[in-house]
$ cat model.txt   # compact mmCIF, C-alpha atoms (C1' of nucleotides)
# COMPACT_ATOMS: atom_id res chain seq x y z
CA MET A 1 0.00 0.00 0.00
CA THR A 2 1.57 3.26 -1.07
CA ALA A 3 1.75 6.36 1.04
CA ASP A 4 -0.95 8.28 -0.74
CA GLN A 5 -3.32 5.34 -0.81
CA SER A 6 -3.04 5.02 2.94
CA LEU A 7 -3.51 8.76 3.28
CA LEU A 8 -6.64 8.74 1.19
CA ALA A 9 -8.00 5.67 2.89
CA ASP A 10 -7.29 6.83 6.41
CA CYS A 11 -10.38 8.47 7.83
CA ARG A 12 -8.18 10.80 9.88
CA ALA A 13 -6.84 12.35 6.69
CA ARG A 14 -10.27 12.88 5.23
CA LEU A 15 -11.35 14.35 8.52
CA ALA A 16 -8.47 16.80 8.38
CA PHE A 17 -9.23 17.84 4.80
CA ASP A 18 -12.82 18.38 5.88
CA LEU A 19 -11.60 20.84 8.49
CA LEU A 20 -10.55 23.13 5.65
CA ALA A 21 -13.41 22.22 3.34
CA ASN A 22 -15.43 25.36 3.93
CA THR A 23 -14.99 29.05 3.39
CA TRP A 24 -14.36 30.26 6.92
CA ASN A 25 -12.74 27.66 9.17
CA ALA A 26 -9.16 28.36 8.13
CA VAL A 27 -9.74 32.11 8.04
CA VAL A 28 -11.10 32.18 11.59
CA ILE A 29 -8.32 29.96 12.93
CA TRP A 30 -5.80 32.25 11.31
CA ALA A 31 -7.50 35.32 12.74
CA LEU A 32 -7.09 33.83 16.23
CA ARG A 33 -3.38 33.15 15.85
CA ASP A 34 -2.27 36.08 18.05
CA GLY A 35 -4.52 35.14 20.95
CA PRO A 36 -8.14 35.13 22.11
CA GLU A 37 -10.51 37.63 20.58
CA ARG A 38 -14.05 38.80 21.06
CA PRO A 39 -16.52 38.01 18.28
CA GLY A 40 -17.00 41.68 17.43
CA ARG A 41 -13.29 42.24 16.90
CA LEU A 42 -13.03 39.03 14.95
CA ARG A 43 -15.62 40.25 12.51
CA GLU A 44 -13.72 43.49 12.07
CA ARG A 45 -10.45 41.70 11.43
CA ILE A 46 -11.89 39.12 9.07
CA GLY A 47 -14.25 41.29 7.10
CA GLY A 48 -17.08 40.03 4.95
CA ILE A 49 -18.35 37.46 7.44
CA SER A 50 -21.86 37.82 8.87
CA PRO A 51 -22.43 37.49 12.62
CA LYS A 52 -24.47 34.37 12.13
CA VAL A 53 -21.83 32.62 10.05
CA LEU A 54 -19.11 33.60 12.49
CA THR A 55 -21.14 32.08 15.32
CA GLU A 56 -21.66 28.91 13.32
CA THR A 57 -18.00 28.68 12.42
CA LEU A 58 -16.84 29.18 16.01
CA SER A 59 -19.32 26.57 17.16
CA ARG A 60 -18.04 24.12 14.54
CA LEU A 61 -14.42 24.76 15.54
CA ARG A 62 -15.36 24.28 19.17
CA PHE A 63 -17.06 21.02 18.28
CA ASN A 64 -13.82 19.85 16.72
CA GLY A 65 -11.75 20.84 19.73
CA LEU A 66 -9.83 23.59 17.93
CA VAL A 67 -11.33 26.58 19.72
CA GLU A 68 -12.47 27.25 23.25
CA ARG A 69 -14.92 29.82 24.59
CA ARG A 70 -14.49 31.91 27.72
CA ALA A 71 -17.34 34.02 29.06
CA HIS A 72 -16.60 36.82 31.51
CA PRO A 73 -19.38 37.60 34.00
CA GLY A 74 -21.33 40.87 34.01
CA ALA A 75 -23.16 43.08 31.59
CA PRO A 76 -22.71 43.90 28.81
CA PRO A 77 -21.73 40.35 27.86
CA ARG A 78 -18.06 39.84 27.21
CA VAL A 79 -16.98 36.63 25.52
CA GLU A 80 -13.67 35.53 24.13
CA TYR A 81 -12.70 32.74 21.79
CA GLY A 82 -9.20 31.36 21.63
CA LEU A 83 -7.34 28.47 20.03
CA THR A 84 -6.84 25.33 22.04
CA GLU A 85 -3.48 23.61 21.97
CA LEU A 86 -4.87 21.40 19.23
CA GLY A 87 -6.00 24.45 17.32
CA ARG A 88 -2.58 26.07 17.62
CA SER A 89 -0.99 22.93 16.23
CA LEU A 90 -2.92 23.63 13.05
CA LEU A 91 -1.30 27.03 12.51
CA PRO A 92 1.89 25.87 10.76
CA PRO A 93 0.08 23.98 7.99
CA ILE A 94 -2.26 26.91 7.50
CA GLU A 95 0.69 29.25 7.41
CA ALA A 96 2.31 27.05 4.77
CA PHE A 97 -0.77 27.70 2.73
CA GLY A 98 -0.66 31.42 3.26
CA ALA A 99 2.95 31.46 2.13
CA TRP A 100 2.01 29.53 -0.99
CA ALA A 101 -0.70 32.07 -1.70
CA PHE A 102 1.75 34.95 -1.63
CA ARG A 103 4.08 33.15 -3.97
CA HIS A 104 1.60 31.69 -6.45
CA GLY A 105 -1.70 33.48 -5.99
CA ASP A 106 -1.17 35.68 -9.01
CA GLU A 107 -0.48 32.62 -11.17
CA VAL A 108 -3.86 31.21 -10.18
CA MET A 109 -5.57 34.47 -11.04
CA ALA A 110 -3.76 34.58 -14.37
CA ALA A 111 -4.89 31.03 -15.13
CA GLN A 112 -8.46 31.97 -14.28
CA GLU A 113 -8.43 34.94 -16.61
CA ARG A 114 -6.93 32.81 -19.35
CA ALA A 115 -9.63 30.18 -18.86
CA GLU A 116 -12.42 32.72 -18.77
CA SER A 117 -11.41 34.26 -22.07
CA THR A 118 -11.25 30.79 -23.62
CA ASP A 119 -14.12 28.76 -22.20
CA HIS A 120 -16.58 31.57 -21.51
CA ARG A 121 -17.71 29.83 -18.38
CA ARG A 122 -16.50 29.27 -14.88
CA PRO A 123 -16.87 25.81 -13.29
CA MET B 1 -0.66 46.58 9.47
CA THR B 2 0.13 43.27 11.12
CA ALA B 3 0.99 40.09 9.29
CA ASP B 4 -2.35 38.40 9.74
CA GLN B 5 -4.31 41.48 8.81
CA SER B 6 -2.46 41.71 5.56
CA LEU B 7 -2.95 38.00 4.99
CA LEU B 8 -6.67 38.23 5.57
CA ALA B 9 -7.02 41.37 3.52
CA ASP B 10 -4.98 40.13 0.58
CA CYS B 11 -7.27 38.66 -2.03
CA ARG B 12 -4.58 36.18 -3.02
CA ALA B 13 -4.78 34.58 0.41
CA ARG B 14 -8.54 34.30 0.30
CA LEU B 15 -8.26 32.86 -3.16
CA ALA B 16 -5.84 30.23 -1.88
CA PHE B 17 -8.07 29.29 1.03
CA ASP B 18 -10.94 28.96 -1.43
CA LEU B 19 -8.90 26.41 -3.35
CA LEU B 20 -9.27 24.08 -0.38
CA ALA B 21 -12.75 25.21 0.57
CA ASN B 22 -14.54 22.20 -0.79
CA THR B 23 -14.63 18.51 -0.14
CA TRP B 24 -12.65 17.19 -3.08
CA ASN B 25 -10.07 19.66 -4.45
CA ALA B 26 -7.30 18.76 -2.03
CA VAL B 27 -8.09 15.06 -2.22
CA VAL B 28 -7.87 15.00 -6.01
CA ILE B 29 -4.66 17.02 -6.08
CA TRP B 30 -3.17 14.61 -3.58
CA ALA B 31 -4.31 11.62 -5.61
CA LEU B 32 -2.42 13.02 -8.61
CA ARG B 33 0.83 13.48 -6.75
CA ASP B 34 2.56 10.44 -8.31
CA GLY B 35 1.75 11.44 -11.87
CA PRO B 36 -1.08 11.65 -14.41
CA GLU B 37 -4.03 9.33 -14.02
CA ARG B 38 -7.13 8.38 -15.91
CA PRO B 39 -10.46 9.37 -14.38
CA GLY B 40 -11.49 5.76 -13.84
CA ARG B 41 -8.37 4.97 -11.84
CA LEU B 42 -8.69 8.21 -9.94
CA ARG B 43 -12.13 7.21 -8.75
CA GLU B 44 -10.80 3.87 -7.60
CA ARG B 45 -7.97 5.45 -5.66
CA ILE B 46 -10.07 8.15 -4.09
CA GLY B 47 -13.17 6.18 -3.28
CA GLY B 48 -16.54 7.65 -2.47
CA ILE B 49 -16.52 10.24 -5.24
CA SER B 50 -19.16 10.07 -7.97
CA PRO B 51 -18.13 10.35 -11.64
CA LYS B 52 -19.97 13.62 -11.99
CA VAL B 53 -18.31 15.22 -9.00
CA LEU B 54 -14.89 14.04 -10.12
CA THR B 55 -15.47 15.61 -13.53
CA GLU B 56 -16.57 18.84 -11.93
CA THR B 57 -13.59 18.87 -9.60
CA LEU B 58 -11.10 18.23 -12.39
CA SER B 59 -12.71 20.96 -14.44
CA ARG B 60 -12.46 23.37 -11.53
CA LEU B 61 -8.81 22.50 -10.95
CA ARG B 62 -8.14 22.97 -14.64
CA PHE B 63 -9.83 26.35 -14.51
CA ASN B 64 -7.46 27.36 -11.74
CA GLY B 65 -4.40 26.18 -13.65
CA LEU B 66 -3.57 23.36 -11.23
CA VAL B 67 -4.38 20.43 -13.49
CA GLU B 68 -4.03 19.76 -17.21
CA ARG B 69 -5.88 17.35 -19.44
CA ARG B 70 -4.35 15.18 -22.12
CA ALA B 71 -6.53 13.21 -24.55
CA HIS B 72 -5.04 10.31 -26.51
CA PRO B 73 -6.64 9.65 -29.90
CA GLY B 74 -8.61 6.52 -30.72
CA ALA B 75 -11.39 4.45 -29.28
CA PRO B 76 -12.15 3.67 -26.54
CA PRO B 77 -11.40 7.18 -25.27
CA ARG B 78 -8.29 7.48 -23.18
CA VAL B 79 -7.82 10.64 -21.17
CA GLU B 80 -5.32 11.57 -18.52
CA TYR B 81 -5.20 14.34 -15.98
CA GLY B 82 -1.99 15.49 -14.39
CA LEU B 83 -0.76 18.28 -12.15
CA THR B 84 0.74 21.36 -13.75
CA GLU B 85 3.88 22.88 -12.29
CA LEU B 86 1.63 25.22 -10.35
CA GLY B 87 -0.39 22.27 -9.08
CA ARG B 88 2.76 20.47 -7.97
CA SER B 89 3.83 23.53 -6.02
CA LEU B 90 0.73 22.99 -3.94
CA LEU B 91 1.76 19.52 -2.80
CA PRO B 92 4.04 20.52 0.11
CA PRO B 93 1.36 22.57 1.89
CA ILE B 94 -1.17 19.80 1.36
CA GLU B 95 1.35 17.29 2.63
CA ALA B 96 1.85 19.41 5.74
CA PHE B 97 -1.82 18.94 6.31
CA GLY B 98 -1.70 15.22 5.83
CA ALA B 99 1.11 14.99 8.35
CA TRP B 100 -0.93 17.00 10.82
CA ALA B 101 -3.84 14.62 10.31
CA PHE B 102 -1.74 11.60 11.20
CA ARG B 103 -0.50 13.28 14.34
CA HIS B 104 -3.68 14.92 15.59
CA GLY B 105 -6.59 13.32 13.77
CA ASP B 106 -7.49 11.12 16.70
CA GLU B 107 -7.57 14.14 18.99
CA VAL B 108 -10.14 15.76 16.73
CA MET B 109 -12.25 12.63 16.75
CA ALA B 110 -11.99 12.43 20.52
CA ALA B 111 -13.13 16.06 20.81
CA GLN B 112 -16.07 15.33 18.53
CA GLU B 113 -17.19 12.39 20.62
CA ARG B 114 -16.84 14.45 23.78
CA ALA B 115 -18.93 17.24 22.26
CA GLU B 116 -21.57 14.87 20.98
CA SER B 117 -22.11 13.34 24.39
CA THR B 118 -22.37 16.80 25.89
CA ASP B 119 -24.22 19.04 23.48
CA HIS B 120 -26.45 16.46 21.81
CA ARG B 121 -26.05 18.24 18.54
CA ARG B 122 -23.48 18.62 15.84
CA PRO B 123 -22.89 22.08 14.32
C1' DC C 1 -14.74 4.84 -20.68
C1' DA C 2 -15.26 9.91 -20.69
C1' DG C 3 -18.46 13.20 -19.65
C1' DA C 4 -22.60 15.89 -20.41
C1' DA C 5 -27.59 16.32 -18.99
C1' DT C 6 -31.19 15.91 -15.74
C1' DC C 7 -33.29 15.60 -11.23
C1' DC C 8 -33.08 15.73 -6.39
C1' DT C 9 -31.46 16.61 -1.46
C1' DT C 10 -28.64 18.87 1.66
C1' DT C 11 -26.08 22.49 3.27
C1' DA C 12 -23.53 26.91 3.30
C1' DC C 13 -24.15 31.48 3.45
C1' DG C 14 -26.55 35.89 3.90
C1' DA C 15 -30.21 39.36 5.59
C1' DT C 16 -33.14 40.49 9.07
C1' DA C 17 -35.35 40.68 13.38
C1' DC C 18 -35.48 39.42 18.13
C1' DT C 19 -33.89 38.03 23.15
C1' DG C 20 -30.74 38.57 27.41
C1' DC D 1 -22.71 42.83 22.36
C1' DA D 2 -23.51 37.83 22.17
C1' DG D 3 -26.41 34.60 20.38
C1' DT D 4 -30.74 32.52 18.40
C1' DA D 5 -34.52 32.11 15.08
C1' DT D 6 -36.45 32.44 10.62
C1' DC D 7 -36.47 32.94 5.89
C1' DG D 8 -34.50 32.79 1.31
C1' DT D 9 -30.98 31.81 -2.28
C1' DA D 10 -27.23 29.55 -4.23
C1' DA D 11 -24.14 26.01 -4.60
C1' DA D 12 -22.36 21.29 -3.57
C1' DG D 13 -22.93 16.77 -3.92
C1' DG D 14 -25.22 12.28 -5.27
C1' DA D 15 -27.94 9.09 -8.39
C1' DT D 16 -29.28 8.11 -12.83
C1' DT D 17 -29.44 8.21 -17.72
C1' DC D 18 -27.63 8.92 -22.27
C1' DT D 19 -24.13 9.79 -26.05
C1' DG D 20 -19.63 9.62 -28.68
$ encode --input "model.txt" --output "structure tokens"
Amino acid sequence: MTADQSLLADCRARLAFDLLANTWNAVVIWALRDGPERPGRLRERIGGISPKVLTETLSRLRFNGLVERRAHPGAPPRVEYGLTELGRSLLPPIEAFGAWAFRHGDEVMAAQERAESTDHRRP
Amino acid sequence: MTADQSLLADCRARLAFDLLANTWNAVVIWALRDGPERPGRLRERIGGISPKVLTETLSRLRFNGLVERRAHPGAPPRVEYGLTELGRSLLPPIEAFGAWAFRHGDEVMAAQERAESTDHRRP
DNA sequence: CAGAATCCTTTACGATACTG
DNA sequence: CAGTATCGTAAAGGATTCTG
């Protein structure tokens, strides 16, 4: 059994790919890299994410053990979300991706423009 | 402007995250790491992907310049898909993710089971 | 066998309004 | 301000069928 076959067959690998298989998970994890943040500030830093979707994303990350929630007593409500140790262990792979984006992102955009002018449709 | 703000604001980074923001892109790229493959074999190696979704995924990856298609003449049709140089440059970051999965995948599953027995619902 | 076409279900995401 | 509820749209994914 070759390495990639075992990777594809192993449910842990598929589980890990699923962690990135949506628009916001990686972005939110990355936005928490410097430390815990309140939801309001998170939305400012991320930009373009609705309150509802941020709540859903944080809940999903919490479900997967990557993020933890801390509520401070009193009013107005003050809540903070931060990465768990498991969540922090995910930062290097995500950072590898960010680095790739800076190096090759323009090549992807160039390929897209080339394809659009040829095929007239976007898959 | 801090590093993560610039990363989040840069459209190249969001574009890169979007490349992984679906179930199959990363899996198919990984399955092509050893060299070009025919769609039929790809489906065998990947497992659990329908012909239609594989076609769509390959078309999407081609649109983004990560995969190229080569058709050999004659009948029955023989087609191969392989990574472009740009697509191959994406393998190290994806591999970093696979390595993370082998190390921490069971922790994620443990967290999920813990959450399921507590919250009674899965986000 | 490749892959396009059709139909269907589920889910992600967004906008809005409301509660504590 | 945090979080939920509701509604609506769009896209992803799956099953099936058909053609070159």
$ closest_atom_pairs --input "model.txt" --of "chain C" --to "chain B" --cutoff "12 Å" --atoms "only C-alpha atoms (C1' of nucleotides)" --output "Markdown table"
| residue | atom | partner | partner_atom | distance |
| --- | --- | --- | --- | --- |
| C:DC1 | C1' | B:Pro77 | CA | 6.1 |
| C:DA2 | C1' | B:Pro77 | CA | 6.6 |
| C:DG3 | C1' | B:Thr55 | CA | 7.2 |
| C:DA4 | C1' | B:Lys52 | CA | 9.1 |
| C:DA5 | C1' | B:Lys52 | CA | 10.7 |
| C:DT11 | C1' | B:Pro123 | CA | 11.5 |
| C:DA12 | C1' | B:Asn22 | CA | 10.9 |
$ closest_atom_pairs --input "model.txt" --of "chain B" --to "chain D" --cutoff "9 Å" --atoms "all atoms listed in the file" --output "Markdown table"
| residue | atom | partner | partner_atom | distance |
| --- | --- | --- | --- | --- |
| B:Asn22 | CA | D:DA12 | C1' | 8.3 |
| B:Thr23 | CA | D:DA12 | C1' | 8.9 |
| B:Ile49 | CA | D:DG14 | C1' | 8.9 |
| B:Ser50 | CA | D:DG14 | C1' | 7.0 |
| B:Lys52 | CA | D:DG14 | C1' | 8.6 |
| B:Val53 | CA | D:DG13 | C1' | 7.0 |
$ write_last_selection --input "model.txt" --atoms "C-alpha atoms" --output "tab-separated table (two decimals), keeping the file's coordinate frame"
chain	number	residue	atom	x	y	z
B	22	ASN	CA	-14.54	22.20	-0.79
B	23	THR	CA	-14.63	18.51	-0.14
B	49	ILE	CA	-16.52	10.24	-5.24
B	50	SER	CA	-19.16	10.07	-7.97
B	52	LYS	CA	-19.97	13.62	-11.99
B	53	VAL	CA	-18.31	15.22	-9.00
$ interface_residues --input "model.txt" --of "chain B" --to "chain A" --cutoff "8 Å" --atoms "only C-alpha atoms" --output "count of residues only"
49
$ atom_distance --input "model.txt" --atom1 "CA of Ser117 (chain A)" --atom2 "CA of Glu68 (chain B)"
17.0 Å
$ calpha_fit_and_write --input "model.txt" --fixed "chain A" --moving "chain B" --output "compact mmCIF listing (two decimals) with C-alpha atoms, in the coordinates of the input"
# COMPACT_ATOMS: atom_id res chain seq x y z
CA MET B 1 -0.08 0.00 -0.06
CA THR B 2 1.51 3.24 -1.19
CA ALA B 3 1.74 6.38 0.88
CA ASP B 4 -1.01 8.27 -0.88
CA GLN B 5 -3.37 5.32 -0.88
CA SER B 6 -3.03 5.02 2.84
CA LEU B 7 -3.48 8.76 3.21
CA LEU B 8 -6.65 8.75 1.16
CA ALA B 9 -8.00 5.66 2.83
CA ASP B 10 -7.27 6.81 6.37
CA CYS B 11 -10.34 8.45 7.83
CA ARG B 12 -8.15 10.77 9.88
CA ALA B 13 -6.82 12.34 6.69
CA ARG B 14 -10.27 12.85 5.25
CA LEU B 15 -11.35 14.31 8.54
CA ALA B 16 -8.46 16.77 8.41
CA PHE B 17 -9.24 17.81 4.85
CA ASP B 18 -12.84 18.35 5.92
CA LEU B 19 -11.62 20.79 8.55
CA LEU B 20 -10.59 23.10 5.72
CA ALA B 21 -13.44 22.18 3.41
CA ASN B 22 -15.44 25.31 3.96
CA THR B 23 -15.03 28.99 3.39
CA TRP B 24 -14.36 30.22 6.90
CA ASN B 25 -12.72 27.61 9.17
CA ALA B 26 -9.15 28.31 8.11
CA VAL B 27 -9.73 32.05 8.02
CA VAL B 28 -11.08 32.14 11.57
CA ILE B 29 -8.31 29.93 12.92
CA TRP B 30 -5.78 32.21 11.28
CA ALA B 31 -7.47 35.29 12.71
CA LEU B 32 -7.07 33.81 16.20
CA ARG B 33 -3.37 33.13 15.83
CA ASP B 34 -2.26 36.08 18.01
CA GLY B 35 -4.51 35.17 20.91
CA PRO B 36 -8.14 35.16 22.06
CA GLU B 37 -10.53 37.66 20.53
CA ARG B 38 -14.07 38.82 20.99
CA PRO B 39 -16.53 38.02 18.22
CA GLY B 40 -17.02 41.68 17.36
CA ARG B 41 -13.32 42.25 16.82
CA LEU B 42 -13.02 39.01 14.91
CA ARG B 43 -15.60 40.21 12.43
CA GLU B 44 -13.72 43.45 11.98
CA ARG B 45 -10.44 41.68 11.35
CA ILE B 46 -11.87 39.09 9.01
CA GLY B 47 -14.24 41.24 7.03
CA GLY B 48 -17.07 39.97 4.89
CA ILE B 49 -18.34 37.42 7.38
CA SER B 50 -21.85 37.78 8.79
CA PRO B 51 -22.44 37.48 12.56
CA LYS B 52 -24.46 34.33 12.07
CA VAL B 53 -21.82 32.60 10.00
CA LEU B 54 -19.09 33.58 12.45
CA THR B 55 -21.12 32.09 15.29
CA GLU B 56 -21.66 28.91 13.34
CA THR B 57 -17.99 28.67 12.43
CA LEU B 58 -16.83 29.19 16.01
CA SER B 59 -19.30 26.59 17.18
CA ARG B 60 -18.03 24.13 14.59
CA LEU B 61 -14.42 24.77 15.57
CA ARG B 62 -15.35 24.30 19.21
CA PHE B 63 -17.04 21.03 18.34
CA ASN B 64 -13.81 19.85 16.78
CA GLY B 65 -11.74 20.86 19.79
CA LEU B 66 -9.82 23.59 17.97
CA VAL B 67 -11.30 26.59 19.74
CA GLU B 68 -12.47 27.28 23.28
CA ARG B 69 -14.92 29.83 24.59
CA ARG B 70 -14.50 31.93 27.70
CA ALA B 71 -17.36 34.06 29.05
CA HIS B 72 -16.63 36.88 31.49
CA PRO B 73 -19.44 37.68 33.93
CA GLY B 74 -21.38 40.93 33.92
CA ALA B 75 -23.19 43.15 31.49
CA PRO B 76 -22.71 43.95 28.70
CA PRO B 77 -21.72 40.38 27.79
CA ARG B 78 -18.05 39.87 27.16
CA VAL B 79 -16.99 36.66 25.47
CA GLU B 80 -13.68 35.55 24.07
CA TYR B 81 -12.70 32.75 21.76
CA GLY B 82 -9.20 31.39 21.61
CA LEU B 83 -7.33 28.50 20.03
CA THR B 84 -6.81 25.35 22.06
CA GLU B 85 -3.44 23.63 22.00
CA LEU B 86 -4.84 21.41 19.27
CA GLY B 87 -5.97 24.46 17.33
CA ARG B 88 -2.54 26.05 17.63
CA SER B 89 -0.96 22.91 16.25
CA LEU B 90 -2.89 23.61 13.09
CA LEU B 91 -1.27 27.00 12.52
CA PRO B 92 1.93 25.83 10.79
CA PRO B 93 0.10 23.93 8.04
CA ILE B 94 -2.25 26.85 7.52
CA GLU B 95 0.72 29.19 7.44
CA ALA B 96 2.32 27.01 4.78
CA PHE B 97 -0.76 27.70 2.76
CA GLY B 98 -0.62 31.41 3.30
CA ALA B 99 2.99 31.43 2.16
CA TRP B 100 2.02 29.53 -0.96
CA ALA B 101 -0.69 32.09 -1.66
CA PHE B 102 1.77 34.96 -1.56
CA ARG B 103 4.09 33.17 -3.94
CA HIS B 104 1.61 31.72 -6.41
CA GLY B 105 -1.69 33.51 -5.92
CA ASP B 106 -1.17 35.73 -8.93
CA GLU B 107 -0.49 32.69 -11.09
CA VAL B 108 -3.86 31.26 -10.11
CA MET B 109 -5.58 34.52 -10.95
CA ALA B 110 -3.78 34.66 -14.28
CA ALA B 111 -4.92 31.10 -15.06
CA GLN B 112 -8.49 32.04 -14.18
CA GLU B 113 -8.47 35.01 -16.50
CA ARG B 114 -6.98 32.90 -19.27
CA ALA B 115 -9.67 30.26 -18.78
CA GLU B 116 -12.46 32.80 -18.66
CA SER B 117 -11.45 34.33 -21.97
CA THR B 118 -11.29 30.87 -23.50
CA ASP B 119 -14.09 28.78 -22.09
CA HIS B 120 -16.65 31.51 -21.45
CA ARG B 121 -17.74 29.74 -18.33
CA ARG B 122 -16.53 29.24 -14.82
CA PRO B 123 -16.83 25.77 -13.24
$ atom_distance --input "model.txt" --atom1 "C1' of DC8 (chain C)" --atom2 "CA of Leu54 (chain B)"
18.6 Å
$ atom_distance --input "model.txt" --atom1 "CA of Arg41 (chain A)" --atom2 "CA of Val67 (chain A)"
16.0 Å
$ build_atoms --input "model.txt" --residues "region 23-40 of chain A" --atoms "N, CA, C and O atoms" --output "mmCIF file, in the coordinates of the input"
data_model
loop_
_atom_site.group_PDB
_atom_site.id
_atom_site.type_symbol
_atom_site.label_atom_id
_atom_site.label_comp_id
_atom_site.auth_asym_id
_atom_site.auth_seq_id
_atom_site.Cartn_x
_atom_site.Cartn_y
_atom_site.Cartn_z
ATOM 1 N N THR A 23 -15.552 27.729 3.663
ATOM 2 C CA THR A 23 -14.990 29.050 3.390
ATOM 3 C C THR A 23 -14.276 29.658 4.588
ATOM 4 O O THR A 23 -13.268 30.347 4.433
ATOM 5 N N TRP A 24 -14.779 29.414 5.804
ATOM 6 C CA TRP A 24 -14.360 30.260 6.920
ATOM 7 C C TRP A 24 -13.482 29.602 7.972
ATOM 8 O O TRP A 24 -12.814 30.308 8.731
ATOM 9 N N ASN A 25 -13.480 28.287 8.084
ATOM 10 C CA ASN A 25 -12.740 27.660 9.170
ATOM 11 C C ASN A 25 -11.289 28.126 9.226
ATOM 12 O O ASN A 25 -10.818 28.602 10.274
ATOM 13 N N ALA A 26 -10.572 27.998 8.129
ATOM 14 C CA ALA A 26 -9.160 28.360 8.130
ATOM 15 C C ALA A 26 -8.978 29.844 8.403
ATOM 16 O O ALA A 26 -8.061 30.248 9.127
ATOM 17 N N VAL A 27 -9.857 30.663 7.846
ATOM 18 C CA VAL A 27 -9.740 32.110 8.040
ATOM 19 C C VAL A 27 -9.890 32.465 9.513
ATOM 20 O O VAL A 27 -9.121 33.275 10.052
ATOM 21 N N VAL A 28 -10.866 31.855 10.177
ATOM 22 C CA VAL A 28 -11.100 32.180 11.590
ATOM 23 C C VAL A 28 -9.944 31.680 12.450
ATOM 24 O O VAL A 28 -9.472 32.384 13.347
ATOM 25 N N ILE A 29 -9.464 30.471 12.178
ATOM 26 C CA ILE A 29 -8.320 29.960 12.930
ATOM 27 C C ILE A 29 -7.138 30.924 12.783
ATOM 28 O O ILE A 29 -6.478 31.282 13.751
ATOM 29 N N TRP A 30 -6.911 31.343 11.555
ATOM 30 C CA TRP A 30 -5.800 32.250 11.310
ATOM 31 C C TRP A 30 -6.008 33.573 12.038
ATOM 32 O O TRP A 30 -5.063 34.135 12.601
ATOM 33 N N ALA A 31 -7.220 34.048 12.076
ATOM 34 C CA ALA A 31 -7.500 35.320 12.740
ATOM 35 C C ALA A 31 -7.313 35.224 14.251
ATOM 36 O O ALA A 31 -7.208 36.247 14.932
ATOM 37 N N LEU A 32 -7.281 34.013 14.790
ATOM 38 C CA LEU A 32 -7.090 33.830 16.230
ATOM 39 C C LEU A 32 -5.641 33.526 16.580
ATOM 40 O O LEU A 32 -5.330 33.228 17.731
ATOM 41 N N ARG A 33 -4.748 33.619 15.614
ATOM 42 C CA ARG A 33 -3.380 33.150 15.850
ATOM 43 C C ARG A 33 -2.662 33.968 16.921
ATOM 44 O O ARG A 33 -1.791 33.448 17.608
ATOM 45 N N ASP A 34 -2.977 35.250 17.078
ATOM 46 C CA ASP A 34 -2.270 36.080 18.050
ATOM 47 C C ASP A 34 -2.815 35.948 19.458
ATOM 48 O O ASP A 34 -2.228 36.492 20.394
ATOM 49 N N GLY A 35 -3.946 35.280 19.618
ATOM 50 C CA GLY A 35 -4.520 35.140 20.950
ATOM 51 C C GLY A 35 -6.028 35.270 20.896
ATOM 52 O O GLY A 35 -6.606 35.538 19.835
ATOM 53 N N PRO A 36 -6.671 35.089 22.042
ATOM 54 C CA PRO A 36 -8.140 35.130 22.110
ATOM 55 C C PRO A 36 -8.684 36.480 21.647
ATOM 56 O O PRO A 36 -8.036 37.519 21.800
ATOM 57 N N GLU A 37 -9.850 36.422 21.073
ATOM 58 C CA GLU A 37 -10.510 37.630 20.580
ATOM 59 C C GLU A 37 -11.998 37.571 20.863
ATOM 60 O O GLU A 37 -12.561 36.494 21.000
ATOM 61 N N ARG A 38 -12.602 38.738 20.928
ATOM 62 C CA ARG A 38 -14.050 38.800 21.060
ATOM 63 C C ARG A 38 -14.673 38.717 19.669
ATOM 64 O O ARG A 38 -14.066 39.163 18.690
ATOM 65 N N PRO A 39 -15.886 38.180 19.594
ATOM 66 C CA PRO A 39 -16.520 38.010 18.280
ATOM 67 C C PRO A 39 -16.586 39.312 17.482
ATOM 68 O O PRO A 39 -16.328 39.302 16.269
ATOM 69 N N GLY A 40 -16.906 40.415 18.159
ATOM 70 C CA GLY A 40 -17.000 41.680 17.430
ATOM 71 C C GLY A 40 -15.703 42.044 16.745
ATOM 72 O O GLY A 40 -15.679 42.409 15.571
#
